[in-house]
>>> print(open('my_file-v8.tsv').read())   # TSV, C-alpha atoms and all ligand atoms
chain	number	residue	atom	x	y	z
A	1	MET	CA	69.28	103.11	91.00
A	2	GLY	CA	72.24	101.43	92.69
A	3	LYS	CA	75.35	103.06	94.02
A	4	VAL	CA	78.69	102.51	92.28
A	5	ILE	CA	81.69	102.09	94.58
A	6	VAL	CA	85.32	101.75	93.54
A	7	VAL	CA	87.78	100.02	95.85
A	8	THR	CA	91.12	101.55	94.97
A	9	SER	CA	94.59	102.33	96.34
A	10	GLY	CA	97.29	102.96	93.77
A	11	LYS	CA	99.60	100.50	95.47
A	12	GLY	CA	99.16	96.76	95.00
A	13	GLY	CA	98.75	94.20	97.74
A	14	VAL	CA	97.17	96.51	100.29
A	15	GLY	CA	93.85	94.62	100.52
A	16	LYS	CA	91.53	95.89	97.76
A	17	THR	CA	90.36	92.45	96.63
A	18	THR	CA	90.02	91.14	100.19
A	19	SER	CA	88.02	94.22	101.17
A	20	THR	CA	85.82	94.13	98.04
A	21	ALA	CA	84.80	90.56	98.90
A	22	ALA	CA	84.30	91.23	102.62
A	23	LEU	CA	82.30	94.44	102.14
A	24	GLY	CA	80.30	93.04	99.23
A	25	ALA	CA	79.31	90.03	101.31
A	26	ALA	CA	78.56	92.19	104.36
A	27	LEU	CA	76.16	94.37	102.34
A	28	ALA	CA	74.51	91.29	100.83
A	29	GLN	CA	74.19	89.70	104.29
A	30	ASN	CA	72.16	92.78	105.10
A	31	GLY	CA	69.74	91.83	102.32
A	32	ASP	CA	70.96	94.29	99.69
A	33	LYS	CA	71.50	93.16	96.12
A	34	VAL	CA	75.24	93.39	95.45
A	35	VAL	CA	77.54	92.76	92.51
A	36	VAL	CA	81.31	92.77	92.88
A	37	VAL	CA	83.14	93.50	89.62
A	38	ASP	CA	86.76	92.49	89.01
A	39	PHE	CA	88.58	95.12	86.93
A	40	ASP	CA	91.98	93.47	87.24
A	41	VAL	CA	92.20	92.17	83.67
A	42	GLY	CA	94.97	89.59	83.37
A	43	LEU	CA	95.39	89.25	87.13
A	44	ARG	CA	91.92	88.33	88.28
A	45	ASN	CA	91.69	87.17	91.86
A	46	LEU	CA	88.29	88.21	93.13
A	47	ASP	CA	86.85	84.90	91.84
A	48	LEU	CA	89.38	83.02	93.98
A	49	VAL	CA	88.80	85.10	97.10
A	50	MET	CA	85.03	84.62	96.63
A	51	GLY	CA	85.42	80.87	96.07
A	52	ALA	CA	83.88	81.01	92.60
A	53	GLU	CA	86.96	80.29	90.47
A	54	ARG	CA	85.60	77.02	89.11
A	55	ARG	CA	82.34	78.57	88.00
A	56	VAL	CA	83.75	81.29	85.73
A	57	VAL	CA	82.51	80.88	82.17
A	58	TYR	CA	82.24	84.39	80.74
A	59	ASP	CA	83.87	87.58	81.94
A	60	LEU	CA	83.69	91.37	81.75
A	61	ILE	CA	85.56	91.50	78.43
A	62	ASN	CA	83.23	88.90	76.86
A	63	VAL	CA	80.30	91.11	77.82
A	64	ILE	CA	81.97	94.27	76.49
A	65	GLN	CA	82.83	92.51	73.23
A	66	GLY	CA	79.27	91.24	72.84
A	67	GLU	CA	80.33	87.59	73.12
A	68	ALA	CA	78.12	87.01	76.14
A	69	LYS	CA	75.08	88.60	77.75
A	70	LEU	CA	75.61	90.28	81.09
A	71	ALA	CA	73.27	87.77	82.76
A	72	GLN	CA	75.40	84.89	81.43
A	73	ALA	CA	78.60	86.30	82.89
A	74	LEU	CA	77.23	87.05	86.36
A	75	ILE	CA	77.97	84.34	88.92
A	76	ARG	CA	75.59	84.04	91.83
A	77	ASP	CA	77.19	83.29	95.18
A	78	LYS	CA	76.37	79.82	96.54
A	79	ARG	CA	75.98	81.08	100.09
A	80	LEU	CA	74.26	84.41	99.61
A	81	GLN	CA	71.27	84.75	97.29
A	82	SER	CA	71.75	88.46	96.68
A	83	LEU	CA	75.53	88.46	96.01
A	84	TYR	CA	76.92	88.26	92.47
A	85	LEU	CA	80.37	88.34	90.89
A	86	LEU	CA	81.35	89.67	87.47
A	87	PRO	CA	84.82	88.22	86.87
A	88	ALA	CA	87.67	89.84	84.95
A	89	SER	CA	89.26	88.19	81.97
A	90	GLN	CA	92.42	86.28	82.73
A	91	THR	CA	93.65	85.88	79.16
A	92	ARG	CA	92.35	88.73	77.06
A	93	ASP	CA	94.14	91.91	76.15
A	94	LYS	CA	93.68	94.79	78.59
A	95	ASP	CA	92.97	97.15	75.68
A	96	LYS	CA	89.67	95.34	75.15
A	97	LEU	CA	88.47	97.10	78.28
A	98	THR	CA	87.06	100.18	76.55
A	99	ALA	CA	85.58	103.28	78.12
A	100	GLU	CA	82.29	102.85	76.21
A	101	GLY	CA	82.09	99.17	77.11
A	102	VAL	CA	82.65	99.85	80.78
A	103	GLU	CA	80.04	102.59	80.77
A	104	LYS	CA	77.43	100.28	79.23
A	105	VAL	CA	78.09	97.47	81.71
A	106	ILE	CA	78.08	99.77	84.74
A	107	THR	CA	74.85	101.43	83.62
A	108	ALA	CA	73.17	98.04	83.26
A	109	LEU	CA	74.46	96.83	86.64
A	110	LYS	CA	73.35	100.04	88.36
A	111	SER	CA	69.77	99.49	87.34
A	112	ALA	CA	69.75	95.88	88.59
A	113	PHE	CA	71.71	96.09	91.86
A	114	ASP	CA	71.75	98.21	95.03
A	115	TRP	CA	75.55	98.17	95.08
A	116	VAL	CA	78.06	97.84	92.25
A	117	ILE	CA	81.48	97.39	93.84
A	118	CYS	CA	84.44	97.69	91.48
A	119	ASP	CA	87.70	96.04	92.54
A	120	SER	CA	90.39	98.22	90.95
A	121	PRO	CA	93.75	96.98	89.68
A	122	ALA	CA	96.85	98.57	91.22
A	123	GLY	CA	98.51	101.51	89.53
A	124	ILE	CA	97.25	104.76	88.07
A	125	GLU	CA	96.97	103.61	84.46
A	126	ARG	CA	93.92	102.92	82.33
A	127	GLY	CA	92.67	99.89	84.27
A	128	ALA	CA	92.57	101.87	87.49
A	129	THR	CA	91.07	105.01	85.94
A	130	LEU	CA	88.38	102.94	84.16
A	131	ALA	CA	87.50	101.19	87.42
A	132	MET	CA	86.95	104.57	89.14
A	133	ARG	CA	85.40	106.31	86.12
A	134	HIS	CA	81.71	105.89	87.05
A	135	ALA	CA	82.05	105.76	90.82
A	136	ASP	CA	79.65	107.60	93.10
A	137	ALA	CA	81.93	106.80	96.01
A	138	ALA	CA	85.45	105.49	96.50
A	139	ILE	CA	86.96	103.35	99.19
A	140	VAL	CA	90.66	104.16	99.39
A	141	VAL	CA	92.38	101.14	100.94
A	142	THR	CA	95.56	102.21	102.71
A	143	ASN	CA	98.14	100.43	104.85
A	144	PRO	CA	99.81	102.44	107.64
A	145	GLU	CA	103.06	102.68	105.74
A	146	VAL	CA	104.73	105.51	103.78
A	147	SER	CA	104.49	104.22	100.21
A	148	SER	CA	100.86	103.16	100.59
A	149	VAL	CA	99.89	106.56	102.01
A	150	ARG	CA	101.71	108.37	99.22
A	151	ASP	CA	99.98	106.30	96.53
A	152	SER	CA	96.60	106.82	98.20
A	153	ASP	CA	97.16	110.56	98.05
A	154	ARG	CA	97.82	110.25	94.34
A	155	ILE	CA	94.65	108.19	93.83
A	156	ILE	CA	92.61	110.78	95.74
A	157	GLY	CA	93.87	113.37	93.27
A	158	LEU	CA	92.69	111.19	90.37
A	159	LEU	CA	89.28	110.66	91.99
A	160	ASP	CA	88.97	114.44	92.10
A	161	SER	CA	89.90	114.89	88.44
A	162	LYS	CA	89.45	111.79	86.26
A	163	THR	CA	85.97	110.58	87.21
A	164	VAL	CA	82.69	111.36	85.45
A	165	LYS	CA	81.49	113.05	88.62
A	166	ALA	CA	84.60	115.22	88.93
A	167	GLU	CA	84.39	116.23	85.28
A	168	ALA	CA	80.78	117.31	85.84
A	169	GLY	CA	81.90	119.48	88.76
A	170	GLU	CA	80.45	117.08	91.34
A	171	ARG	CA	82.28	115.27	94.10
A	172	VAL	CA	83.06	111.58	94.39
A	173	GLU	CA	82.54	110.62	98.04
A	174	LYS	CA	85.84	109.36	99.39
A	175	HIS	CA	86.31	106.98	102.32
A	176	LEU	CA	89.49	105.77	103.94
A	177	LEU	CA	89.73	102.09	104.84
A	178	LEU	CA	92.85	101.62	106.92
A	179	ASN	CA	93.90	98.00	106.51
A	180	ARG	CA	96.49	95.77	108.20
A	181	TYR	CA	96.50	97.95	111.28
A	182	ASP	CA	98.64	96.50	114.06
A	183	PRO	CA	97.72	98.11	117.41
A	184	ASN	CA	100.92	96.97	119.11
A	185	ARG	CA	103.18	98.47	116.51
A	186	ALA	CA	101.13	101.68	116.42
A	187	ALA	CA	101.41	101.94	120.23
A	188	SER	CA	105.17	101.37	120.18
A	189	GLY	CA	105.51	104.11	117.58
A	190	ASP	CA	107.04	102.18	114.73
A	191	MET	CA	103.90	102.29	112.61
A	192	LEU	CA	101.89	105.30	111.48
A	193	ASN	CA	98.81	105.53	113.69
A	194	VAL	CA	95.22	106.37	112.74
A	195	ASP	CA	95.59	110.11	113.45
A	196	ASP	CA	98.74	110.32	111.35
A	197	VAL	CA	97.10	108.79	108.29
A	198	LEU	CA	93.86	110.75	108.71
A	199	GLU	CA	95.73	114.00	109.09
A	200	ILE	CA	97.81	113.38	105.99
A	201	LEU	CA	95.06	112.11	103.68
A	202	SER	CA	92.22	114.22	105.08
A	203	ILE	CA	89.34	112.02	103.98
A	204	PRO	CA	86.72	110.55	106.33
A	205	LEU	CA	87.42	107.20	107.95
A	206	LEU	CA	85.27	104.26	106.86
A	207	GLY	CA	86.93	101.73	109.11
A	208	ILE	CA	90.07	100.19	110.53
A	209	ILE	CA	90.77	96.56	109.67
A	210	PRO	CA	93.34	94.90	111.90
A	211	GLU	CA	96.25	92.81	110.64
A	212	SER	CA	94.82	89.35	111.11
A	213	PRO	CA	95.43	85.68	110.31
A	214	ASN	CA	91.66	85.34	109.70
A	215	ILE	CA	92.15	87.03	106.33
A	216	LEU	CA	94.62	84.42	105.10
A	217	ARG	CA	92.35	81.63	106.33
A	218	ALA	CA	89.37	83.17	104.58
A	219	SER	CA	91.24	83.41	101.27
A	220	ASN	CA	92.52	79.83	101.66
A	221	ILE	CA	88.97	78.49	101.77
A	222	GLY	CA	87.59	80.99	99.26
A	223	SER	CA	85.14	82.80	101.48
A	224	PRO	CA	84.83	86.48	102.43
A	225	VAL	CA	85.83	86.82	106.09
A	226	THR	CA	82.39	88.27	106.89
A	227	LEU	CA	80.90	84.92	105.84
A	228	CYS	CA	83.31	82.30	107.14
A	229	ASP	CA	84.35	83.99	110.37
A	230	ALA	CA	81.51	86.40	111.06
A	231	SER	CA	82.12	86.74	114.79
A	232	SER	CA	85.83	87.64	114.46
A	233	THR	CA	86.93	91.22	115.17
A	234	THR	CA	88.11	91.43	111.55
A	235	ALA	CA	84.65	90.58	110.22
A	236	GLN	CA	83.06	92.94	112.74
A	237	ALA	CA	85.28	95.74	111.46
A	238	TYR	CA	84.04	95.04	107.93
A	239	PHE	CA	80.39	94.84	109.04
A	240	ASN	CA	80.71	98.24	110.70
A	241	ALA	CA	82.43	99.68	107.64
A	242	ALA	CA	79.57	98.39	105.48
A	243	ARG	CA	77.04	100.06	107.76
A	244	ARG	CA	78.91	103.37	107.54
A	245	LEU	CA	79.05	103.03	103.77
A	246	ALA	CA	75.27	102.69	103.80
A	247	GLY	CA	75.10	105.96	105.69
A	248	GLU	CA	74.67	104.76	109.26
A	249	ALA	CA	76.55	106.73	111.92
A	250	VAL	CA	78.60	104.02	113.61
A	251	PRO	CA	81.57	105.25	115.67
A	252	VAL	CA	84.95	103.82	114.63
A	253	THR	CA	86.82	102.15	117.46
A	254	VAL	CA	90.58	102.09	117.17
A	255	PRO	CA	91.91	98.54	117.73
A	256	GLY	CA	93.85	98.38	121.00
A	257	GLU	CA	92.51	101.72	122.21
A	258	ARG	CA	89.48	102.78	124.20
A	259	ARG	CA	88.71	105.94	122.31
A	260	SER	CA	86.70	106.02	119.15
A	261	PHE	CA	86.26	108.35	116.24
A	262	PHE	CA	82.83	109.64	115.53
A	263	GLU	CA	82.40	110.95	112.02
A	264	LYS	CA	85.85	112.42	112.15
A	265	ILE	CA	86.13	114.47	109.02
A	266	PHE	CA	88.97	116.76	108.13
A	267	GLY	CA	88.85	119.37	105.45
A	268	ARG	CA	91.32	118.39	102.79
A	269	LYS	CA	93.85	121.15	102.45
A	270	ALA	CA	94.98	122.20	99.05
A	271	ALA	CA	98.74	122.24	98.79
B	1	MET	CA	117.41	100.62	128.10
B	2	LYS	CA	113.73	100.03	127.62
B	3	ILE	CA	113.01	103.76	127.69
B	4	LEU	CA	115.70	104.36	125.10
B	5	GLY	CA	114.16	101.73	122.85
B	6	PHE	CA	110.80	103.42	123.22
B	7	PHE	CA	112.08	106.77	122.06
B	8	ARG	CA	114.00	105.29	119.19
B	9	LYS	CA	110.83	103.56	117.92
B	10	ARG	CA	108.65	106.58	118.54
B	11	ALA	CA	110.93	108.45	116.18
B	12	SER	CA	110.28	106.14	113.24
B	13	ALA	CA	106.52	106.75	112.91
B	14	SER	CA	106.89	110.47	113.42
B	15	ALA	CA	109.71	110.58	110.90
B	16	ALA	CA	107.37	108.82	108.45
B	17	ARG	CA	104.63	111.33	109.16
B	18	GLU	CA	106.85	114.36	108.70
B	19	ARG	CA	108.42	113.07	105.51
B	20	LEU	CA	105.00	112.31	104.05
B	21	GLN	CA	103.60	115.71	104.97
B	22	ILE	CA	106.38	117.54	103.19
B	23	LEU	CA	106.44	115.25	100.16
B	24	LEU	CA	102.68	115.27	99.62
B	25	ALA	CA	102.29	119.01	100.02
B	26	HIS	CA	104.68	119.39	97.10
B	27	GLU	CA	103.33	116.51	95.03
B	28	ARG	CA	99.79	117.89	95.29
B	29	ALA	CA	101.03	121.22	94.00
B	30	SER	CA	102.96	119.76	91.08
B	31	VAL	CA	100.43	117.17	89.88
B	32	SER	CA	98.26	119.99	88.59
B	33	GLY	CA	100.96	120.50	85.95
B	34	PHE	CA	102.11	123.86	87.26
B	35	ASP	CA	105.88	123.99	87.55
B	36	LEU	CA	106.47	126.85	89.98
B	37	VAL	CA	110.25	126.85	89.67
B	38	ALA	CA	110.14	127.07	85.86
B	39	VAL	CA	107.66	129.94	85.96
B	40	LEU	CA	109.69	131.82	88.56
B	41	ARG	CA	112.84	131.31	86.55
B	42	GLU	CA	111.27	132.75	83.39
B	43	GLU	CA	109.90	135.79	85.17
B	44	ILE	CA	113.05	136.49	87.17
B	45	LEU	CA	115.03	136.32	83.94
B	46	ALA	CA	112.68	138.82	82.28
B	47	VAL	CA	113.03	141.29	85.18
B	48	ILE	CA	116.82	141.07	85.16
B	49	ALA	CA	116.97	141.44	81.39
B	50	LYS	CA	115.25	144.83	81.68
B	51	HIS	CA	118.30	146.22	83.47
B	52	VAL	CA	121.30	144.08	82.67
B	53	GLN	CA	122.25	141.74	79.92
B	54	VAL	CA	122.73	138.24	81.24
B	55	ASP	CA	123.13	134.87	79.66
B	56	SER	CA	120.11	132.75	80.64
B	57	ARG	CA	122.43	129.83	81.29
B	58	HIS	CA	123.92	131.85	84.12
B	59	VAL	CA	120.65	132.24	85.99
B	60	ARG	CA	120.03	129.33	88.33
B	61	VAL	CA	116.84	128.97	90.32
B	62	LYS	CA	116.72	126.21	92.92
B	63	MET	CA	113.95	125.16	95.26
B	64	GLU	CA	114.61	123.25	98.45
B	65	ARG	CA	111.32	121.70	99.55
B	66	GLY	CA	110.64	122.01	103.24
B	67	MET	CA	107.97	122.52	105.85
B	68	PRO	CA	106.69	124.99	106.92
B	69	VAL	CA	108.80	126.89	104.37
B	70	SER	CA	110.70	126.03	101.23
B	71	THR	CA	113.68	128.10	100.24
B	72	LEU	CA	114.18	129.59	96.81
B	73	GLU	CA	117.75	130.19	95.78
B	74	VAL	CA	118.41	132.51	92.87
B	75	ASP	CA	121.93	132.63	91.59
B	76	VAL	CA	122.66	135.17	88.84
B	77	GLU	CA	126.04	135.72	87.29
B	78	ILE	CA	126.33	139.25	85.97
B	79	PRO	CA	129.32	139.88	83.72
B	80	PHE	CA	131.49	142.88	84.62
B	81	ASP	CA	130.45	145.02	81.64
B	82	ALA	CA	126.80	143.92	81.38
B	83	ARG	CA	125.36	147.04	82.99
B	84	ALA	CA	127.18	149.36	80.70
B	85	ARG	CA	126.04	147.49	77.63
B	86	ALA	CA	122.39	147.41	78.68
B	87	ALA	CA	122.40	151.12	79.41
A	301	LIG	N1	93.98	92.74	107.29
A	301	LIG	C1	94.81	91.83	106.79
A	301	LIG	N2	95.52	91.01	107.59
A	301	LIG	C2	96.36	90.09	107.07
A	301	LIG	N3	96.57	89.90	105.76
A	301	LIG	C3	95.92	90.69	104.89
A	301	LIG	C4	95.00	91.70	105.35
A	301	LIG	N4	94.48	92.31	104.25
A	301	LIG	C5	95.04	91.72	103.17
A	301	LIG	N5	95.91	90.75	103.55
A	301	LIG	C6	96.70	89.90	102.63
A	301	LIG	O1	97.44	90.74	101.76
A	301	LIG	C7	97.55	90.15	100.47
A	301	LIG	C8	97.06	91.14	99.41
A	301	LIG	O2	95.67	91.37	99.56
A	301	LIG	P1	94.74	91.70	98.31
A	301	LIG	O3	93.36	91.88	98.84
A	301	LIG	O4	94.93	90.70	97.23
A	301	LIG	O5	95.36	93.10	97.88
A	301	LIG	P2	95.14	93.97	96.55
A	301	LIG	O6	93.86	93.52	95.93
A	301	LIG	O7	95.10	95.37	97.03
A	301	LIG	O8	96.32	93.71	95.66
A	301	LIG	C9	96.73	88.86	100.51
A	301	LIG	O9	97.61	87.79	100.69
A	301	LIG	C10	95.84	89.05	101.72
A	301	LIG	O10	95.53	87.81	102.31
A	302	MG	MG	93.50	92.84	93.90
>>> encode(input="my_file-v8.tsv", output="structure tokens")
Amino acid sequence: MGKVIVVTSGKGGVGKTTSTAALGAALAQNGDKVVVVDFDVGLRNLDLVMGAERRVVYDLINVIQGEAKLAQALIRDKRLQSLYLLPASQTRDKDKLTAEGVEKVITALKSAFDWVICDSPAGIERGATLAMRHADAAIVVTNPEVSSVRDSDRIIGLLDSKTVKAEAGERVEKHLLLNRYDPNRAASGDMLNVDDVLEILSIPLLGIIPESPNILRASNIGSPVTLCDASSTTAQAYFNAARRLAGEAVPVTVPGERRSFFEKIFGRKAA
Amino acid sequence: MKILGFFRKRASASAARERLQILLAHERASVSGFDLVAVLREEILAVIAKHVQVDSRHVRVKMERGMPVSTLEVDVEIPFDARARAA
């Protein structure tokens, strides 16, 4: 049985789609069977970031509505045998994304893949809560900036209350992916640093992805950064995050600093 | 000059951290749907009503969110003859 991961944040534009593609590819490069699922109905972008936009025929809504078989909607990556994409619908009504439909699709994907990675839309509305609904684990993508941290805190609250696991009294594993980290600005003190964000959000750190022009280049050519620029520090940060997600104990090095975090976990304080 | 610039910048990230800590402590408490100020107001009113007659519009309860403490301000207007009437 595969593991279901939601990549979420509350706030838009923080790097969920970029990170879904990079981590999905990194896990597939490791030989695992991976599907990345776009939940952003009406604003799909994962197809573009993955370079598969011209191959989309059917989408998640078609599958839910019974207009296409799951196998027909899945797009296999041209570069990686074990990487698949399930695109979102660009034109259909968001209300067609039903709780029962999502449950059926996720259950089917879980039995066929090692990893089911759900790229959540922004916000805290239905789209976002459906994307997290069946998650075993969540990657909370956060930028070192006040509004992103606040929205992440809100999303963590939803992960602890609105998921199937939470409702059954179990815990959804939560991981912080700190994205667009700029070591120079953190050192000069005009950007929240790693300790600040960890202390405030109190969830374990999955990785720190630096602010980097490689990301824009990767999206321009439609390739996850872990594929097109594998030796870059950005890709390395994603590779290490993928290994931690798979349970390996890899210390997190802070960009621009010598020290590293090793399994730094804080107990989340109740208010 | 450079040192001054350093301290000025240092202040911005720590200001962000402090503001977030205070805000989130309170947001986490209120998201659960429990409105502390409303509950306190109701109960304070009930206690006062046992001894003096007051108009509920003249009982104000205000919370100023802070860290490590918030302050609760209770402002009750008791009319001159309220005690006599209650007794
Ligand atoms: N680490 C990074 N460095 C530079 N640009 C980034 C980084 N992460 C994301 N971006 C850019 O930020 C924008 C939003 O990213 P995206 O993954 O679409 O966010 P989301 O899915 O959360 O809305 C994109 O233009 C992307 O190229
Ligand atoms: Mg996105």
>>> residues_near_ligand(input="my_file-v8.tsv", ligand="ligand LIG 301 (chain A)", cutoff="6 Å", atoms="only C-alpha atoms and all ligand atoms", output="list in words")
Gly12, Gly13, Val14, Gly15, Lys16, Thr17, Thr18, Asn179, Arg180, Ile209, Pro210, Glu211, Ser212, Pro213, Ile215 and Leu216 of chain A
>>> interface_residues(input="my_file-v8.tsv", of="chain A", to="chain B", cutoff="9 Å", atoms="all atoms listed in the file", output="ChimeraX atom specification")
/A:145-147,149-150,153-154,157,186-193,196-197,200,270-271
>>> residues_near_ligand(input="my_file-v8.tsv", ligand="ligand MG 302 (chain A)", cutoff="12 Å", atoms="all atoms listed in the file", output="MDAnalysis selection string")
chainID A and resid 7:21 37:49 88 118:123 127:128 141
>>> write_last_selection(input="my_file-v8.tsv", atoms="C-alpha atoms", output="PDB file, keeping the file's coordinate frame")
ATOM      1  CA  VAL A   7      87.780 100.020  95.850  1.00  0.00           C
ATOM      2  CA  THR A   8      91.120 101.550  94.970  1.00  0.00           C
ATOM      3  CA  SER A   9      94.590 102.330  96.340  1.00  0.00           C
ATOM      4  CA  GLY A  10      97.290 102.960  93.770  1.00  0.00           C
ATOM      5  CA  LYS A  11      99.600 100.500  95.470  1.00  0.00           C
ATOM      6  CA  GLY A  12      99.160  96.760  95.000  1.00  0.00           C
ATOM      7  CA  GLY A  13      98.750  94.200  97.740  1.00  0.00           C
ATOM      8  CA  VAL A  14      97.170  96.510 100.290  1.00  0.00           C
ATOM      9  CA  GLY A  15      93.850  94.620 100.520  1.00  0.00           C
ATOM     10  CA  LYS A  16      91.530  95.890  97.760  1.00  0.00           C
ATOM     11  CA  THR A  17      90.360  92.450  96.630  1.00  0.00           C
ATOM     12  CA  THR A  18      90.020  91.140 100.190  1.00  0.00           C
ATOM     13  CA  SER A  19      88.020  94.220 101.170  1.00  0.00           C
ATOM     14  CA  THR A  20      85.820  94.130  98.040  1.00  0.00           C
ATOM     15  CA  ALA A  21      84.800  90.560  98.900  1.00  0.00           C
ATOM     16  CA  VAL A  37      83.140  93.500  89.620  1.00  0.00           C
ATOM     17  CA  ASP A  38      86.760  92.490  89.010  1.00  0.00           C
ATOM     18  CA  PHE A  39      88.580  95.120  86.930  1.00  0.00           C
ATOM     19  CA  ASP A  40      91.980  93.470  87.240  1.00  0.00           C
ATOM     20  CA  VAL A  41      92.200  92.170  83.670  1.00  0.00           C
ATOM     21  CA  GLY A  42      94.970  89.590  83.370  1.00  0.00           C
ATOM     22  CA  LEU A  43      95.390  89.250  87.130  1.00  0.00           C
ATOM     23  CA  ARG A  44      91.920  88.330  88.280  1.00  0.00           C
ATOM     24  CA  ASN A  45      91.690  87.170  91.860  1.00  0.00           C
ATOM     25  CA  LEU A  46      88.290  88.210  93.130  1.00  0.00           C
ATOM     26  CA  ASP A  47      86.850  84.900  91.840  1.00  0.00           C
ATOM     27  CA  LEU A  48      89.380  83.020  93.980  1.00  0.00           C
ATOM     28  CA  VAL A  49      88.800  85.100  97.100  1.00  0.00           C
ATOM     29  CA  ALA A  88      87.670  89.840  84.950  1.00  0.00           C
ATOM     30  CA  CYS A 118      84.440  97.690  91.480  1.00  0.00           C
ATOM     31  CA  ASP A 119      87.700  96.040  92.540  1.00  0.00           C
ATOM     32  CA  SER A 120      90.390  98.220  90.950  1.00  0.00           C
ATOM     33  CA  PRO A 121      93.750  96.980  89.680  1.00  0.00           C
ATOM     34  CA  ALA A 122      96.850  98.570  91.220  1.00  0.00           C
ATOM     35  CA  GLY A 123      98.510 101.510  89.530  1.00  0.00           C
ATOM     36  CA  GLY A 127      92.670  99.890  84.270  1.00  0.00           C
ATOM     37  CA  ALA A 128      92.570 101.870  87.490  1.00  0.00           C
ATOM     38  CA  VAL A 141      92.380 101.140 100.940  1.00  0.00           C
TER      39      VAL A 141
END
>>> residues_around(input="my_file-v8.tsv", residues="stretch 231-241 of chain A", least_positions_apart="6", cutoff="7 Å", atoms="only C-alpha atoms", output="ChimeraX atom specification")
/A:22-23,26,206-210,225,250
>>> closest_residue(input="my_file-v8.tsv", among="A:Ile64, A:Ala28, A:Ala135, A:Ala218", to="A:Leu85", atoms="only C-alpha atoms")
A:Ala28
>>> residues_around(input="my_file-v8.tsv", residues="A:Gly247", least_positions_apart="2", cutoff="12 Å", atoms="all atoms listed in the file", output="mmCIF file with C-alpha atoms, in the frame of the given file")
data_model
loop_
_atom_site.group_PDB
_atom_site.id
_atom_site.type_symbol
_atom_site.label_atom_id
_atom_site.label_comp_id
_atom_site.auth_asym_id
_atom_site.auth_seq_id
_atom_site.Cartn_x
_atom_site.Cartn_y
_atom_site.Cartn_z
ATOM 1 C CA ALA A 137 81.930 106.800 96.010
ATOM 2 C CA GLU A 173 82.540 110.620 98.040
ATOM 3 C CA HIS A 175 86.310 106.980 102.320
ATOM 4 C CA LEU A 206 85.270 104.260 106.860
ATOM 5 C CA ASN A 240 80.710 98.240 110.700
ATOM 6 C CA ALA A 241 82.430 99.680 107.640
ATOM 7 C CA ALA A 242 79.570 98.390 105.480
ATOM 8 C CA ARG A 243 77.040 100.060 107.760
ATOM 9 C CA ARG A 244 78.910 103.370 107.540
ATOM 10 C CA LEU A 245 79.050 103.030 103.770
ATOM 11 C CA ALA A 249 76.550 106.730 111.920
ATOM 12 C CA VAL A 250 78.600 104.020 113.610
ATOM 13 C CA PRO A 251 81.570 105.250 115.670
ATOM 14 C CA GLU A 263 82.400 110.950 112.020
#
>>> atom_distance(input="my_file-v8.tsv", atom1="atom CA of A:Ser161", atom2="atom CA of A:Leu130")
12.8 Å
>>> residues_around(input="my_file-v8.tsv", residues="stretch 104-114 of chain A", least_positions_apart="2", cutoff="8 Å", atoms="only C-alpha atoms", output="list of chain:residue names")
A:Met1, A:Gly2, A:Lys3, A:Val4, A:Asp32, A:Lys33, A:Val34, A:Val35, A:Val63, A:Ile64, A:Leu70, A:Glu100, A:Gly101, A:Val102, A:Val116, A:His134
>>> atom_distance(input="my_file-v8.tsv", atom1="atom CA of A:Arg76", atom2="atom CA of A:Trp115")
14.5 Å
>>> closest_residue(input="my_file-v8.tsv", among="A:Ser89, A:Gln81, A:Asn62, A:Ser202", to="A:Ser152", atoms="all atoms listed in the file")
A:Ser202
>>> atom_distance(input="my_file-v8.tsv", atom1="atom CA of A:Pro183", atom2="atom CA of A:Ala230")
21.0 Å
